[in-house]
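Encoded as structure tokens, the structure appears first; notes follow it.
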Amino acid sequence: MREIVVPGEAVADRPVRMHNTYIDGGKTYAATVGLFDREHNEIIPLEGGWVPHIEDVVVGIVKTSKNSVYEIDLSYFKRSILIASKFERHPLKVGEAIEASIKDIEDRKTIILYRERVLNGGTMMEVKASKVPRIIGKNSTMVNQISELTGASITVGRNGIVWLRGGNVELAAEAILKIENEAHIKGLTERIRMMLEDRTRKGE
Amino acid sequence: MASLANKPDLIVNGKRIDGRDFDELRPIKIEAGMLKNADGSAYVEWGNNKILAGVYGPKEVFPRHMADPAKAIIKCRYTMAPFSSLAEHGRTGPNRRAIEISKVTKEVFENVVMLNEFPNSEIDIFIEVLQGDGGTRAAGITAASVALANAGIYMRDLVYAVSAGRIEDKIVLDFNMIEDNYSEADMPIAVAPRNNEILLLQMDGGLTREQLKQAIGMVLEAGKKISAMQKEALNENYRKVAEQYGQK
């Protein structure tokens, strides 16, 4: 059972540690618009931007390159940089798309990236950052399903940038937009599978 | 304008000038998230008031030196469109009155937005009055609060605001423009409904202690309806999509 909650709505009569909530006077209240799952005691936010956390996987574009320090455009307001490793064989070029993880957030100001991987060619699309967990799915089930059925290789960044290449890119992008729109309705994985199978059969 | 010489009868046969009871709100319609380019938005029709609110953020602070490494800062701009009221409002942009309203609105939201969740960033609130008919600051706060929730900004509560006041010796809720101009006292109040905290209270005119209590009681009673409408507005977008699949 899931219900939509709004800020200030009580979700528990006792203090519970939960994301997207706050505790006041021995009770727990929702702090954002989201779906409250009573069984798992969690709130899945329906709106909101990305808040960077350490170990988040992100997708961005190399903006500048100077003295082995790259500035990466994550379409986020905080500066993010990537320091080239000592053993770097192929330096990154400005304009290249990369996938990387967040190593640290320095002074709450600068995002430091590491474990970069160059994404050659392909297409990028922007989605709502609040819908990224649903696009990835539990244990990446959703994103694996899409790439299996469309043949596209997909990288989803927590910052709301999705990179696609190969296979039926258009269909994969359509599926991702459908998830973005219908993330709050039950049976999402099943619906996306049906849609993809249906469309690939028609194409043949 | 308002002067005693041409004052109309504000109460006729126990009803107000627009036929409402003393504790009756004007018809309210709230819509959330209809501006695609803003992070969050809301549109409120409150009687003849038509108000748009848009929210951006969290984003980079500008100018940079205003950035606070411990928390976010809020900026608010309330403006009335040149065509918003009976007399022309002159050129667009904030005037003395608008700057005051922007300031008090900002202070309302500084109390409910969880600022320490967004260090080094800025949250912008824009309130545009397209058509004004009294009580625009209250309707603006109500709209901005829905827009903030629509933007997914962490808040402790969904604030509403409504005005109350006095016509002769009667306490009356939700003034329109004529009542506002000729009444004896006008008092916009913003409330956080979770524990009925009062976040804004301005008063023009005078009330006795008992009258003030009565007015606040009236506001809290009417606030339940406004809160329900705000919630409804936020839920509606999601329900529309869900209905396609025959779910609740």
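Just so we're on the same page: first chain in the structure tokens is A, next is B, and so on; residues restart at 1 for each chain, and ligands are numbered from 1 in the order they show up.
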* Asked: Which chain A residues are at most 9 Å from chain B (counting only C-alpha atoms), as a PyMOL selection string?
  -> chain A and resi 4-10+20-22+29-34+45-49+51+76-78+107-109+130+181-182+184-186
* So which residues of region 44-141 of chain B fall under strand (DSSP E or B) by DSSP, listed as a count of residues only? -> 35
* Asked: So how far away is CA of Gly60 (chain A) from CA of Arg89 (chain A), in Å?
  ->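 So the answer is 20.3 Å.
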* To do: Just the residues within 7 Å of Ile54 (chain A), please, counting only C-alpha atoms, with nothing from its chain fewer than 3 positions along; format it as a PyMOL selection string.
  => chain A and resi 102-104
Residue neighbourhood Trp50 (chain A), 10 Å, only C-alpha atoms, exclusion window fewer than 5 positions, as a PDB file with N, CA and C atoms, in the first residue's frame:
```
ATOM      1  N   TYR A  76      24.826  20.636 -12.992  1.00  0.00           N
ATOM      2  CA  TYR A  76      24.513  20.877 -11.588  1.00  0.00           C
ATOM      3  C   TYR A  76      25.255  22.142 -11.188  1.00  0.00           C
ATOM      4  N   LYS A 128      14.324  13.767 -14.907  1.00  0.00           N
ATOM      5  CA  LYS A 128      14.219  14.293 -13.543  1.00  0.00           C
ATOM      6  C   LYS A 128      15.057  13.433 -12.617  1.00  0.00           C
ATOM      7  N   ALA A 129      15.916  14.091 -11.814  1.00  0.00           N
ATOM      8  CA  ALA A 129      16.803  13.334 -10.939  1.00  0.00           C
ATOM      9  C   ALA A 129      16.022  12.507  -9.925  1.00  0.00           C
ATOM     10  N   SER A 130      14.803  12.966  -9.572  1.00  0.00           N
ATOM     11  CA  SER A 130      14.021  12.205  -8.588  1.00  0.00           C
ATOM     12  C   SER A 130      13.533  10.876  -9.159  1.00  0.00           C
ATOM     13  N   LYS A 131      13.560  10.724 -10.467  1.00  0.00           N
ATOM     14  CA  LYS A 131      13.057   9.491 -11.078  1.00  0.00           C
ATOM     15  C   LYS A 131      14.178   8.499 -11.398  1.00  0.00           C
ATOM     16  N   VAL A 132      15.421   8.912 -11.167  1.00  0.00           N
ATOM     17  CA  VAL A 132      16.554   8.045 -11.514  1.00  0.00           C
ATOM     18  C   VAL A 132      16.497   6.686 -10.802  1.00  0.00           C
ATOM     19  N   ARG A 158      23.225   9.565 -11.618  1.00  0.00           N
ATOM     20  CA  ARG A 158      22.341  10.043 -10.539  1.00  0.00           C
ATOM     21  C   ARG A 158      21.978  11.514 -10.720  1.00  0.00           C
ATOM     22  N   ASN A 159      22.798  12.222 -11.490  1.00  0.00           N
ATOM     23  CA  ASN A 159      22.525  13.640 -11.711  1.00  0.00           C
ATOM     24  C   ASN A 159      21.447  13.853 -12.768  1.00  0.00           C
ATOM     25  N   GLY A 160      20.834  12.781 -13.246  1.00  0.00           N
ATOM     26  CA  GLY A 160      19.711  12.918 -14.173  1.00  0.00           C
ATOM     27  C   GLY A 160      20.118  12.952 -15.633  1.00  0.00           C
TER      28      GLY A 160
ATOM     29  N   PRO B  58      17.349  24.153  -5.489  1.00  0.00           N
ATOM     30  CA  PRO B  58      18.504  24.921  -5.046  1.00  0.00           C
ATOM     31  C   PRO B  58      19.475  25.169  -6.205  1.00  0.00           C
TER      32      PRO B  58
END
```
* Can you list, as JSON, numbers by chain, every protein, DNA or RNA residue that comes within 12 Å of Val143 (chain A) when you count only C-alpha atoms, leaving out same-chain residues fewer than 5 positions away? -> {"A": [132, 133, 134, 135, 136, 137, 138, 148, 149, 150, 151, 152, 153, 154, 155, 156, 157, 162, 163, 164, 172, 173, 175, 176, 179, 189, 192, 193]}
* In region 54-234 of chain B, what's helix (DSSP H, G or I) per DSSP? Answer as an NGL selection string? -> :B and (64-66 or 96-110 or 115-117 or 136-150 or 177-182 or 209-234)
Shell of 12 Å around His40 (chain A), only C-alpha atoms, local chain residues under 4 positions omitted, as an mmCIF file with C-alpha atoms, in the first residue's frame:
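Just written: around_32.cif:
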```cif
data_model
loop_
_atom_site.group_PDB
_atom_site.id
_atom_site.type_symbol
_atom_site.label_atom_id
_atom_site.label_comp_id
_atom_site.auth_asym_id
_atom_site.auth_seq_id
_atom_site.Cartn_x
_atom_site.Cartn_y
_atom_site.Cartn_z
ATOM 1 C CA MET A 1 0.000 0.000 0.000
ATOM 2 C CA ARG A 2 1.410 3.325 -1.013
ATOM 3 C CA VAL A 16 11.672 6.768 12.953
ATOM 4 C CA MET A 18 13.841 7.619 7.436
ATOM 5 C CA HIS A 19 14.990 9.507 4.377
ATOM 6 C CA LEU A 35 5.051 8.049 -1.940
ATOM 7 C CA PHE A 36 4.961 6.628 1.572
ATOM 8 C CA ILE A 44 10.089 7.735 -2.275
#
```
* Asked: What lies within 7 Å of Ala190 (chain B) using only C-alpha atoms, ignoring chain neighbours under 2 positions off, as a PyMOL selection string?
  -> chain B and resi 159-162+188+198-201
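Of the listed residues (B:Gly165, B:Ala87, B:Glu31, B:Leu220), B:Glu31 comes nearest to Ala144 (chain B); the distances count only C-alpha atoms.
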* **Option closest in space to Leu119 (chain A), from A:Lys66, A:Arg165, A:Lys178, A:Lys86 [counting only C-alpha atoms]** =>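 When distances to Leu119 (chain A) are compared using only C-alpha atoms, the smallest one comes from A:Arg165.
What separates CA of Thr142 (chain B) from CA of Ile171 (chain B) is a distance of 21.9 Å.
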* So how far away is CA of Tyr114 (chain A) from CA of Ser65 (chain A), in Å? ->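 Between CA of Ser65 (chain A) and CA of Tyr114 (chain A) the gap is 15.2 Å.
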